[in-house]
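Structure data follow from model02.txt (compact mmCIF, C-alpha atoms and all ligand atoms):
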# COMPACT_ATOMS: atom_id res chain seq x y z
CA MET A 9 71.70 83.39 116.79
CA PRO A 10 75.16 82.67 118.31
CA LYS A 11 76.72 85.53 120.21
CA SER A 12 80.25 86.85 120.17
CA CYS A 13 82.97 87.39 122.72
CA ILE A 14 85.54 90.13 122.09
CA VAL A 15 88.83 89.35 123.81
CA GLN A 16 91.73 91.53 124.91
CA LEU A 17 94.63 89.11 125.46
CA PRO A 18 97.47 89.72 127.92
CA PHE A 19 101.05 90.29 126.80
CA PRO A 20 103.74 87.86 127.95
CA SER A 21 106.69 89.72 129.45
CA SER A 22 109.51 88.06 127.60
CA HIS A 23 112.31 90.61 127.67
CA ASP A 24 113.83 93.08 130.05
CA PRO A 25 113.54 96.49 128.44
CA ASP A 26 116.67 97.83 126.76
CA ILE A 27 118.46 99.88 129.39
CA HIS A 28 119.30 102.80 127.06
CA LEU A 29 115.81 102.96 125.65
CA SER A 30 114.28 102.88 129.16
CA SER A 31 116.51 105.65 130.34
CA TYR A 32 115.67 107.64 127.20
CA TYR A 33 111.93 107.24 127.81
CA ASP A 34 112.31 108.38 131.45
CA ASP A 35 113.58 111.72 130.17
CA TYR A 36 111.01 111.68 127.36
CA ASP A 37 108.29 111.34 129.97
CA ARG A 38 109.68 114.28 131.97
CA ARG A 39 109.78 116.50 128.91
CA PHE A 40 106.31 115.43 127.82
CA ARG A 41 104.79 116.12 131.21
CA ALA A 42 106.45 119.50 131.50
CA LEU A 43 104.10 120.53 128.67
CA LEU A 44 101.17 118.22 129.45
CA PRO A 45 101.20 117.70 133.21
CA GLU A 46 97.82 115.97 133.20
CA TYR A 47 99.30 113.05 131.26
CA PHE A 48 100.15 109.96 133.32
CA ILE A 49 101.19 106.39 132.62
CA PRO A 50 98.74 103.95 134.21
CA SER A 51 100.52 101.91 136.87
CA ASP A 52 99.07 98.60 135.71
CA GLY A 53 97.13 97.14 132.81
CA LEU A 54 97.06 98.65 129.33
CA TRP A 55 98.30 102.18 128.67
CA GLU A 56 95.39 102.87 126.41
CA MET A 57 91.85 101.64 126.00
CA PRO A 58 91.68 98.98 123.29
CA LEU A 59 89.78 101.13 120.81
CA TRP A 60 89.21 98.25 118.38
CA VAL A 61 86.88 96.80 121.02
CA ALA A 62 84.60 99.86 120.82
CA HIS A 63 84.64 99.71 116.99
CA LEU A 64 83.81 96.04 116.93
CA THR A 65 81.06 96.38 119.55
CA ALA A 66 79.26 98.97 117.42
CA LEU A 67 79.62 96.91 114.26
CA LEU A 68 78.33 93.76 115.91
CA ASP A 69 75.33 95.77 117.13
CA THR A 70 74.57 96.83 113.56
CA ALA A 71 74.57 93.16 112.52
CA GLY A 72 72.33 92.15 115.42
CA ILE A 73 75.03 89.97 117.02
CA ASP A 74 75.17 90.21 120.81
CA SER A 75 78.62 90.79 122.24
CA VAL A 76 80.39 90.43 125.56
CA PHE A 77 83.92 91.57 126.33
CA ARG A 78 86.57 89.73 128.31
CA ASP A 79 89.54 91.85 129.31
CA LEU A 80 92.31 89.36 130.05
CA SER A 81 95.06 92.00 130.13
CA ARG A 82 95.80 91.13 133.78
CA THR A 83 95.38 87.35 133.38
CA PRO A 84 98.57 85.23 133.26
CA ALA A 85 99.63 84.93 129.62
CA GLU A 86 99.09 81.17 129.50
CA PRO A 87 96.73 79.24 127.22
CA ASP A 88 94.82 77.49 130.02
CA ALA A 89 94.41 80.60 132.14
CA CYS A 90 93.10 82.56 129.13
CA SER A 91 90.89 79.82 127.69
CA GLU A 92 88.98 79.14 130.89
CA PRO A 93 87.12 82.48 131.18
CA LEU A 94 86.40 82.43 127.44
CA LEU A 95 84.86 78.98 127.61
CA GLU A 96 82.75 80.17 130.54
CA ALA A 97 81.57 83.22 128.61
CA THR A 98 80.58 81.34 125.45
CA THR A 99 78.84 78.21 124.24
CA PRO A 100 79.59 76.02 121.19
CA GLY A 101 78.94 77.89 117.94
CA ASP A 102 79.72 81.33 119.42
CA LEU A 103 82.27 83.62 117.78
CA VAL A 104 85.43 84.57 119.69
CA LEU A 105 87.13 87.66 118.25
CA MET A 106 90.79 88.43 118.96
CA SER A 107 93.24 90.96 117.58
CA PRO A 108 96.71 89.90 118.77
CA LEU A 109 99.93 91.81 118.28
CA ALA A 110 103.21 90.03 117.56
CA GLN A 111 104.09 89.48 121.22
CA ASN A 112 100.85 87.66 122.03
CA PHE A 113 100.29 86.06 118.63
CA ARG A 114 101.58 82.65 119.74
CA LEU A 115 99.34 82.86 122.81
CA ALA A 116 96.35 83.71 120.57
CA LEU A 117 96.99 80.64 118.42
CA ASP A 118 97.31 78.40 121.51
CA VAL A 119 94.11 79.78 123.02
CA ALA A 120 92.34 79.40 119.65
CA LYS A 121 93.29 75.73 119.61
CA HIS A 122 91.53 75.13 122.95
CA LEU A 123 88.49 77.11 121.88
CA GLU A 124 88.10 75.57 118.43
CA HIS A 125 88.41 72.15 120.02
CA ALA A 126 85.46 73.11 122.26
CA GLY A 127 83.34 74.19 119.26
CA ARG A 128 83.90 77.97 119.42
CA ARG A 129 84.54 79.85 116.17
CA VAL A 130 87.67 81.94 116.51
CA VAL A 131 88.14 84.96 114.23
CA LEU A 132 91.58 86.61 114.21
CA GLY A 133 92.15 90.17 113.05
CA GLY A 134 95.01 92.64 113.19
CA ASN A 135 98.40 93.01 111.56
CA MET A 136 99.67 89.54 112.46
CA ALA A 137 96.58 87.56 111.52
CA PRO A 138 97.75 86.65 107.97
CA LEU A 139 100.48 84.50 109.54
CA ALA A 140 97.96 82.19 111.22
CA PRO A 141 98.55 78.69 109.79
CA ASP A 142 95.74 77.32 107.63
CA GLY A 143 93.08 75.65 109.74
CA SER A 144 94.34 77.09 113.04
CA VAL A 145 91.34 79.42 113.43
CA HIS A 146 87.85 79.61 111.98
CA ALA A 147 88.58 82.74 109.98
CA VAL A 148 91.20 85.44 109.48
CA HIS A 149 90.18 89.04 108.97
CA ARG A 150 92.39 91.32 106.94
CA GLY A 151 91.37 94.90 106.31
CA GLN A 152 89.26 97.65 107.79
CA LEU A 153 86.56 96.84 110.33
CA ASP A 154 83.40 97.80 108.49
CA ALA A 155 79.84 96.75 107.76
CA THR A 156 80.95 94.34 105.00
CA PHE A 157 83.20 92.60 107.51
CA VAL A 158 80.33 92.23 109.94
CA ARG A 159 77.95 90.89 107.30
CA ARG A 160 80.56 88.22 106.65
CA LEU A 161 80.81 87.56 110.38
CA VAL A 162 77.09 86.86 110.41
CA GLY A 163 77.71 84.30 107.65
CA LEU A 164 80.50 82.78 109.70
CA ALA A 165 78.32 82.58 112.76
CA SER A 166 76.10 80.30 110.76
CA GLY A 167 78.86 77.88 109.87
CA ALA A 168 81.32 78.73 107.08
CA GLY A 169 85.02 79.41 107.72
CA GLY A 170 87.87 80.91 105.66
CA GLY A 171 89.35 84.30 104.93
CA LEU A 172 87.66 87.64 105.34
CA GLU A 173 89.77 89.72 103.06
CA LYS A 174 88.08 92.82 101.80
CA PRO A 175 88.76 93.79 98.18
CA LEU A 176 90.86 96.96 98.15
CA LEU A 177 90.21 99.73 95.69
CA PRO A 178 92.94 102.33 96.23
CA GLY A 179 91.96 105.94 96.90
CA LEU A 180 89.31 107.85 98.80
CA VAL A 181 86.42 105.55 99.67
CA SER A 182 83.08 107.03 98.65
CA GLU A 183 81.17 105.37 101.50
CA ARG A 184 81.57 107.19 104.84
CA ILE A 185 81.66 105.50 108.25
CA THR A 186 78.26 106.38 109.64
CA TRP A 187 78.35 104.57 112.98
CA ALA A 188 80.17 105.63 116.14
CA PRO A 189 82.25 103.23 118.25
CA ASP A 190 80.40 101.96 121.31
CA TYR A 191 82.34 102.14 124.59
CA ARG A 192 79.93 100.23 126.80
CA HIS A 193 82.35 97.32 127.27
CA LEU A 194 85.16 99.70 128.25
CA GLY A 195 83.48 101.29 131.26
CA GLY A 196 86.17 99.72 133.46
CA TYR A 197 88.70 102.18 132.06
CA GLU A 198 86.81 105.15 133.45
CA GLY A 199 88.96 107.47 135.54
CA ARG A 200 92.25 105.98 134.41
CA VAL A 201 92.63 107.16 130.84
CA PRO A 202 95.38 109.71 130.24
CA LEU A 203 94.49 110.30 126.62
CA LEU A 204 91.63 109.59 124.25
CA ARG A 205 92.13 108.38 120.73
CA LEU A 206 89.84 109.63 117.98
CA ASN A 207 89.74 109.07 114.22
CA ALA A 208 88.17 111.40 111.68
CA SER A 209 89.51 109.13 108.94
CA HIS A 210 90.97 105.65 108.68
CA GLY A 211 93.77 104.41 106.44
CA CYS A 212 96.41 106.21 104.43
CA LEU A 213 96.92 106.99 100.77
CA TYR A 214 100.72 106.82 100.90
CA GLN A 215 102.41 103.47 100.49
CA CYS A 216 105.72 103.52 102.34
CA SER A 217 107.27 100.10 101.93
CA PHE A 218 108.13 99.63 105.62
CA CYS A 219 104.74 100.59 107.02
CA GLY A 220 102.36 98.17 108.69
CA ASP A 221 99.44 100.47 107.82
CA ALA A 222 100.27 100.98 104.14
CA TRP A 223 98.15 97.97 103.21
CA SER A 224 94.99 100.08 103.43
CA LYS A 225 95.84 102.13 100.28
CA GLN A 226 92.54 103.77 101.05
CA LEU A 227 91.20 106.63 103.06
CA THR A 228 87.78 106.21 104.63
CA LEU A 229 86.22 109.25 106.27
CA VAL A 230 84.07 109.22 109.38
CA GLU A 231 80.84 111.07 108.75
CA LYS A 232 80.54 114.25 110.84
CA GLY A 233 77.45 113.08 112.74
CA ALA A 234 79.20 109.85 113.76
CA LEU A 235 82.28 111.81 114.85
CA GLU A 236 80.13 114.14 116.93
CA GLN A 237 78.32 111.20 118.54
CA GLU A 238 81.65 109.59 119.44
CA VAL A 239 83.01 112.81 120.96
CA ASP A 240 79.77 113.24 122.94
CA GLU A 241 80.17 109.75 124.37
CA LEU A 242 83.89 110.06 125.07
CA THR A 243 83.63 113.43 126.79
CA ALA A 244 80.68 112.24 128.90
CA ARG A 245 82.42 109.02 129.93
CA PHE A 246 85.85 110.55 130.50
CA PRO A 247 85.15 114.15 131.57
CA ASP A 248 88.58 114.59 133.17
CA THR A 249 90.60 113.60 130.11
CA ARG A 250 91.39 116.68 128.05
CA LEU A 251 94.03 115.29 125.72
CA PHE A 252 93.08 113.72 122.39
CA TYR A 253 95.37 111.78 120.11
CA ILE A 254 94.04 112.01 116.58
CA GLY A 255 94.51 108.52 115.16
CA ASP A 256 94.30 109.61 111.49
CA LYS A 257 97.54 108.37 109.98
CA THR A 258 98.02 111.52 107.97
CA PHE A 259 96.34 114.65 109.31
CA GLY A 260 95.37 116.85 106.38
CA GLN A 261 95.14 114.09 103.80
CA SER A 262 91.44 114.91 103.72
CA ARG A 263 90.24 118.53 104.03
CA GLU A 264 86.81 117.20 104.96
CA ALA A 265 88.16 115.19 107.91
CA VAL A 266 90.00 118.28 109.20
CA ALA A 267 86.88 120.44 108.77
CA ASN A 268 84.80 117.87 110.65
CA LEU A 269 87.21 117.90 113.59
CA LEU A 270 87.17 121.69 113.69
CA ASP A 271 83.36 121.75 113.61
CA VAL A 272 82.94 119.10 116.28
CA PHE A 273 85.32 120.81 118.70
CA ARG A 274 84.39 124.42 117.90
CA ASP A 275 82.16 124.74 120.98
CA ARG A 276 84.20 122.47 123.25
CA PRO A 277 87.04 124.57 124.61
CA GLY A 278 89.91 123.28 126.71
CA TYR A 279 90.95 120.24 124.70
CA ARG A 280 94.47 119.71 123.44
CA PHE A 281 95.50 117.45 120.60
CA ILE A 282 98.40 115.47 119.24
CA VAL A 283 98.30 114.68 115.52
CA GLN A 284 100.49 112.71 113.16
CA THR A 285 101.14 113.51 109.54
CA HIS A 286 103.43 113.18 106.53
CA VAL A 287 105.90 115.97 105.78
CA MET A 288 104.24 116.57 102.39
CA GLN A 289 101.07 117.62 104.26
CA VAL A 290 102.76 120.46 106.12
CA LYS A 291 101.13 123.36 104.29
CA ASP A 292 99.93 126.76 105.49
CA TRP A 293 96.23 125.82 105.70
CA ILE A 294 97.05 122.67 107.63
CA VAL A 295 99.27 124.49 110.12
CA ASP A 296 96.48 127.07 110.58
CA ALA A 297 93.93 124.28 111.10
CA MET A 298 96.18 122.61 113.67
CA ARG A 299 96.42 125.83 115.64
CA GLU A 300 92.70 126.47 115.41
CA LEU A 301 91.93 122.96 116.67
CA GLY A 302 94.29 123.21 119.66
CA VAL A 303 97.05 120.92 118.47
CA VAL A 304 100.10 121.04 120.73
CA ALA A 305 102.32 118.41 119.13
CA VAL A 306 102.78 117.06 115.61
CA GLU A 307 104.34 113.69 114.90
CA LEU A 308 106.18 113.31 111.62
CA GLY A 309 107.78 110.16 110.23
CA PHE A 310 111.55 110.58 109.79
CA GLU A 311 113.21 107.41 108.60
CA SER A 312 116.40 108.85 107.17
CA ALA A 313 118.15 112.05 106.09
CA ASP A 314 119.28 110.20 102.96
CA SER A 315 116.81 111.06 100.19
CA GLN A 316 117.95 108.15 98.03
CA MET A 317 117.17 105.78 100.85
CA LEU A 318 113.70 107.32 101.21
CA LYS A 319 113.13 106.81 97.50
CA ARG A 320 113.95 103.13 97.86
CA LEU A 321 111.49 102.99 100.77
CA ASN A 322 108.80 104.44 98.51
CA LYS A 323 108.52 107.36 100.91
CA LEU A 324 107.48 110.48 99.04
CA SER A 325 109.65 113.47 99.83
CA ARG A 326 110.85 116.73 98.36
CA GLY A 327 114.30 116.22 99.85
CA LEU A 328 116.03 116.99 103.11
CA ASP A 329 116.00 120.79 102.74
CA ASP A 330 112.24 120.73 102.37
CA TYR A 331 111.95 118.50 105.44
CA THR A 332 114.13 120.92 107.40
CA THR A 333 112.02 123.88 106.31
CA LYS A 334 108.83 122.07 107.34
CA ILE A 335 109.91 121.19 110.87
CA HIS A 336 110.99 124.79 111.45
CA LYS A 337 107.68 126.00 110.05
CA LEU A 338 105.81 123.88 112.59
CA SER A 339 108.10 124.82 115.42
CA ASP A 340 107.92 128.55 114.56
CA ALA A 341 104.12 128.24 114.65
CA GLY A 342 104.39 127.15 118.29
CA LEU A 343 103.78 123.45 117.60
CA LYS A 344 106.02 120.84 119.17
CA VAL A 345 107.64 118.51 116.64
CA VAL A 346 107.90 114.82 117.48
CA LEU A 347 109.82 112.66 115.03
CA ASN A 348 108.75 109.05 114.57
CA MET A 349 112.13 107.51 113.84
CA MET A 350 112.79 104.03 112.64
CA GLY A 351 115.98 102.04 112.82
CA GLY A 352 116.71 98.61 111.40
CA LEU A 353 115.41 99.33 107.88
CA ASP A 354 116.50 97.09 105.04
CA GLU A 355 118.03 99.94 103.00
CA GLU A 356 119.99 101.54 105.84
CA THR A 357 123.73 102.06 105.44
CA GLU A 358 126.32 103.50 107.82
CA ALA A 359 126.52 106.61 105.62
CA ALA A 360 122.73 107.16 105.64
CA HIS A 361 122.67 106.67 109.40
CA GLY A 362 125.55 109.17 109.86
CA GLN A 363 123.67 111.78 107.81
CA THR A 364 120.53 111.17 109.87
CA VAL A 365 122.22 111.61 113.24
CA ASP A 366 124.09 114.74 112.06
CA TRP A 367 120.82 116.23 110.85
CA MET A 368 119.10 115.51 114.18
CA ARG A 369 121.82 117.35 116.07
CA GLU A 370 121.89 120.30 113.63
CA ASN A 371 118.12 120.78 113.94
CA SER A 372 117.70 119.96 117.59
CA SER A 373 116.29 123.40 118.39
CA ALA A 374 113.14 122.57 116.39
CA LEU A 375 112.74 119.03 117.72
CA TRP A 376 110.85 118.26 120.90
CA LEU A 377 110.75 114.46 121.16
CA PHE A 378 111.47 111.31 119.21
CA ASN A 379 109.43 108.12 119.15
CA LEU A 380 112.02 105.44 118.46
CA TYR A 381 111.16 102.14 116.78
CA ASN A 382 113.29 99.37 115.40
CA PHE A 383 111.78 97.87 112.27
CA VAL A 384 109.69 94.68 112.49
CA PRO A 385 108.73 93.00 109.17
CA TYR A 386 105.03 92.64 109.94
CA PRO A 387 103.14 90.57 107.36
CA LEU A 388 101.07 93.49 106.09
CA THR A 389 104.04 95.74 105.31
CA PRO A 390 104.46 96.04 101.54
CA ASP A 391 108.05 94.82 101.96
CA PHE A 392 107.08 91.60 103.72
CA PRO A 393 107.12 89.28 100.66
CA ARG A 394 110.62 90.54 99.79
CA LEU A 395 111.98 90.24 103.34
CA ARG A 396 110.31 86.98 104.30
CA GLU A 397 113.15 84.73 103.17
CA ARG A 398 115.64 86.77 105.20
CA ILE A 399 113.71 86.43 108.46
CA PHE A 400 115.80 84.17 110.70
CA ASN A 401 113.81 84.46 113.91
CA TRP A 402 110.18 83.28 113.83
CA ASP A 403 109.71 83.45 117.59
CA PHE A 404 107.04 86.17 117.59
CA ALA A 405 107.92 87.14 121.16
CA ASP A 406 111.05 88.69 119.60
CA TRP A 407 109.10 90.67 116.98
CA ARG A 408 109.36 93.88 118.91
CA GLU A 409 110.30 97.43 118.11
CA ASP A 410 112.71 97.72 121.04
CA VAL A 411 115.00 94.77 120.30
CA PRO A 412 117.35 93.85 117.41
CA VAL A 413 115.81 93.06 114.03
CA VAL A 414 114.62 89.50 113.30
CA TYR A 415 115.75 89.52 109.65
CA ARG A 416 119.00 90.15 107.77
CA PRO A 417 119.10 93.69 106.32
CA GLN A 418 120.81 94.18 102.93
CA HIS A 419 123.81 96.24 103.96
CA LEU A 420 124.37 95.56 107.65
CA SER A 421 124.50 92.59 109.96
CA PRO A 422 121.62 92.50 112.48
CA GLU A 423 124.16 93.33 115.20
CA ALA A 424 125.57 96.34 113.29
CA SER A 425 122.04 97.51 112.55
CA TRP A 426 121.24 97.37 116.28
CA ASP A 427 124.43 99.33 117.08
CA LEU A 428 123.23 102.09 114.75
CA PHE A 429 119.83 102.09 116.41
CA GLN A 430 121.59 102.51 119.74
CA GLU A 431 123.42 105.53 118.30
CA LYS A 432 120.08 107.01 117.31
CA ILE A 433 118.83 106.49 120.87
CA ALA A 434 121.96 108.22 122.20
CA ALA A 435 121.57 111.17 119.81
CA ALA A 436 117.88 111.55 120.63
CA HIS A 437 118.66 111.33 124.34
CA ASP A 438 121.29 114.08 124.12
CA ILE A 439 118.71 116.30 122.45
CA ILE A 440 115.78 115.76 124.79
CA ARG A 441 117.70 115.59 128.06
CA THR A 442 116.59 118.65 129.94
CA PRO A 443 119.65 120.84 130.17
CA VAL A 444 120.75 121.71 133.69
CA THR A 445 121.13 125.47 133.65
CA VAL A 446 121.69 126.25 137.33
CA PRO A 447 124.67 128.63 137.27
CA THR A 448 127.49 127.92 139.74
CA SER A 449 129.08 130.82 141.60
CA SER A 450 132.45 130.20 139.91
CA ALA A 451 130.75 130.21 136.51
CA GLN A 452 129.08 133.51 137.41
CA GLU A 453 132.41 135.02 138.35
CA LYS A 454 133.98 134.33 134.94
S1 LIG A 501 104.35 105.53 107.11
FE1 LIG A 501 102.67 106.99 107.43
S2 LIG A 501 102.53 108.07 105.47
FE2 LIG A 501 103.66 106.16 105.05
S3 LIG A 501 102.07 104.67 104.44
FE3 LIG A 501 102.38 104.47 106.65
S4 LIG A 501 100.82 105.73 107.60
FE4 LIG A 501 101.01 106.38 105.46
In structure tokens, what does this structure look like?
Amino acid sequence: MPKSCIVQLPFPSSHDPDIHLSSYYDDYDRRFRALLPEYFIPSDGLWEMPLWVAHLTALLDTAGIDSVFRDLSRTPAEPDACSEPLLEATTPGDLVLMSPLAQNFRLALDVAKHLEHAGRRVVLGGNMAPLAPDGSVHAVHRGQLDATFVRRLVGLASGAGGGLEKPLLPGLVSERITWAPDYRHLGGYEGRVPLLRLNASHGCLYQCSFCGDAWSKQLTLVEKGALEQEVDELTARFPDTRLFYIGDKTFGQSREAVANLLDVFRDRPGYRFIVQTHVMQVKDWIVDAMRELGVVAVELGFESADSQMLKRLNKLSRGLDDYTTKIHKLSDAGLKVVLNMMGGLDEETEAAHGQTVDWMRENSSALWLFNLYNFVPYPLTPDFPRLRERIFNWDFADWREDVPVVYRPQHLSPEASWDLFQEKIAAAHDIIRTPVTVPTSSAQEK
């Protein structure tokens, strides 16, 4: 039976970071660490363990396919430099599994060319994989990593190529995930992990048109035993890391997933959590569950204060007043609110942007931090087919969330859209900048 090689590719450094965004994130980091001092940013390599590696390792085990892992995150981002260790690690007929992001997608295709030429079978997964030209790799995987996917991999290992798309039936999936990710290939990350990522469910039932995760249309729960097994392994391997990021896209979308998390952590004191959710999920029982679990911060998507714009984005909402009430509800419950904000959206207008920035300033007392992204039209976003013809830059190195958009939005030029994003950065920076409150003697005399 051929074996498989799971590959973490490096990222080419193609741009200097935006100066305003960098300065914003310096203050962000200060504010974050004032609450969570144990958090650190690793000085080199990846900021986070590549969790998909642990998922894939476990799935390959279930299919009886041996796996090795090659972490090339510190290798020069060049096709020859990356291909060499992969050719050494494999023999003709073996599977090579990669999950590139936009910035290293071109590199993945170039490396695949070398490998395919040498008889390896390259399988590409991840959000960019559907853009791989026909025939450039052995197979493209689109969808959740699950047992069906691995059964198909076994088929591939014996010769066939093609797509690996999983049929999608929208809604809650009746089959639970019963296996736990296996971290044996990620032992090298021990001692340098600031935060652990954990999923009690995968996917999302909302379908926001701009979202790279909306393709799932499904929610798949992790069975409680598998969740417990994963937490046992994570806490044994990384005993010093006490901060968990719950990767569920929408905390509270499943009561069962929330109950499983509460059960698994009930007798494990001292952990703190960050969760993400949709504003419609902010209900009393969910806020209570967050507090019981030990959640310190809640991320909420906030694309615009303009409800009409949200409607066009297919983002469910009960309007701006409801949103305002919800963030204050979280903040009053002692939870820190982090807004995931997105600029560069197709529907954005100057007026909608103005409303958004005004709202941020008016509600700054309830807002802790902002994660700022500029929109990238990834191929799995529901809007991609509509936007495709307006994409003018196909250099994937520029498909980044911290640079101007690569397509022409409806109402703004790409330059004007970037200017508005810069205004959002400035507004967010004003809010999070730690105020200097040292009184001067002259001020005290007044
Ligand atoms: S933006 Fe969030 S709520 Fe909307 S589809 Fe994506 S993951 Fe779900």
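Restricting the calculation to all atoms listed in the file, the smallest distance between ligand LIG 501 (chain A) and any of A:Ser421, A:Ser182, A:Asn348, A:Asn382 is found for A:Asn348.
Among the candidate residues A:Leu109, A:Ala405, A:Met288, A:Leu343, the one lying nearest to ligand LIG 501 (chain A) is A:Met288, with distances computed using only C-alpha atoms and all ligand atoms.
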Against ligand LIG 501 (chain A), which residues of chain A fall within 6 Å? For each one I want the closest pair of atoms and the distance in Å (one decimal), counting only C-alpha atoms and all ligand atoms, rows by chain and increasing residue number, as CSV.
residue,atom,partner,partner_atom,distance
A:Cys212,CA,A:LIG501,FE4,4.7
A:Tyr214,CA,A:LIG501,S3,4.4
A:Gln215,CA,A:LIG501,S3,4.1
A:Cys216,CA,A:LIG501,FE2,4.3
A:Cys219,CA,A:LIG501,FE3,4.6
A:Asp221,CA,A:LIG501,FE3,5.1
A:Ala222,CA,A:LIG501,S3,4.1
A:Lys257,CA,A:LIG501,S4,4.8
A:His286,CA,A:LIG501,S2,5.3
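Distances here use only C-alpha atoms; by that measure, the residue among A:Leu375, A:Ala234, A:Leu67, A:Val201 closest to Val158 (chain A) is A:Leu67.
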Could you build a table of the residues in region 237-355 of chain A lying no more than 12 Å from region 428-431 of chain A, giving for each the nearest pair of atoms and their separation in Å rounded to one decimal place, using all atoms listed in the file, ordered by chain and ascending residue number, as a tab-separated table?
residue	atom	partner	partner_atom	distance
A:Glu311	CA	A:Phe429	CA	11.5
A:Ser312	CA	A:Phe429	CA	12.0
A:Met349	CA	A:Phe429	CA	9.8
A:Met350	CA	A:Phe429	CA	8.2
A:Gly351	CA	A:Phe429	CA	5.3
A:Gly352	CA	A:Phe429	CA	6.9
A:Leu353	CA	A:Phe429	CA	10.0
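Distance annotation: of A:Ala305, A:Lys225, A:Arg394, A:Phe218, the residue with the minimal separation from Tyr381 (chain A) is A:Phe218; atom set is all atoms listed in the file.
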| field | region 72-76 of chain A surroundings by all atoms listed in the file, 6 Å radius, close-in-sequence under 6 positions cut, as an NGL selection string | value | :A and (11-13)
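In this comparison, which uses only C-alpha atoms, the residue of A:Leu324, A:Ala313, A:Val145, A:Leu338 approaching Glu358 (chain A) most closely is A:Ala313.
Shortest atom-to-atom contact with Leu161 (chain A) among A:Ala71, A:Ala89, A:Gly211, A:Leu117: A:Ala71, counting all atoms listed in the file.
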Using the partial input, fill out region 249-260 of chain A with N, CA, C and O atoms; write the result as a compact mmCIF listing (two decimals), keeping the file's coordinate frame.
# COMPACT_ATOMS: atom_id res chain seq x y z
N THR A 249 89.52 113.75 131.10
CA THR A 249 90.60 113.60 130.11
C THR A 249 90.47 114.68 129.05
O THR A 249 89.44 114.77 128.37
N ARG A 250 91.48 115.51 128.96
CA ARG A 250 91.39 116.68 128.05
C ARG A 250 92.37 116.57 126.87
O ARG A 250 92.53 117.53 126.11
N LEU A 251 93.04 115.44 126.79
CA LEU A 251 94.03 115.29 125.72
C LEU A 251 93.56 114.23 124.71
O LEU A 251 93.26 113.11 125.09
N PHE A 252 93.47 114.65 123.45
CA PHE A 252 93.08 113.72 122.39
C PHE A 252 94.27 113.43 121.49
O PHE A 252 95.01 114.34 121.10
N TYR A 253 94.40 112.16 121.15
CA TYR A 253 95.37 111.78 120.11
C TYR A 253 94.55 111.48 118.86
O TYR A 253 93.69 110.59 118.88
N ILE A 254 94.79 112.25 117.81
CA ILE A 254 94.04 112.01 116.58
C ILE A 254 94.71 110.85 115.84
O ILE A 254 95.87 110.93 115.42
N GLY A 255 93.95 109.76 115.71
CA GLY A 255 94.51 108.52 115.16
C GLY A 255 94.65 108.53 113.64
O GLY A 255 95.25 107.60 113.08
N ASP A 256 94.14 109.54 112.95
CA ASP A 256 94.30 109.61 111.49
C ASP A 256 95.78 109.49 111.17
O ASP A 256 96.60 110.24 111.73
N LYS A 257 96.12 108.61 110.27
CA LYS A 257 97.54 108.37 109.98
C LYS A 257 98.19 109.62 109.43
O LYS A 257 99.37 109.87 109.64
N THR A 258 97.43 110.39 108.68
CA THR A 258 98.02 111.52 107.97
C THR A 258 97.06 112.70 108.04
O THR A 258 96.24 112.89 107.14
N PHE A 259 97.20 113.49 109.11
CA PHE A 259 96.34 114.65 109.31
C PHE A 259 96.47 115.57 108.10
O PHE A 259 97.58 115.91 107.67
N GLY A 260 95.34 115.95 107.54
CA GLY A 260 95.37 116.85 106.38
C GLY A 260 95.24 116.13 105.06
O GLY A 260 95.10 116.77 104.02
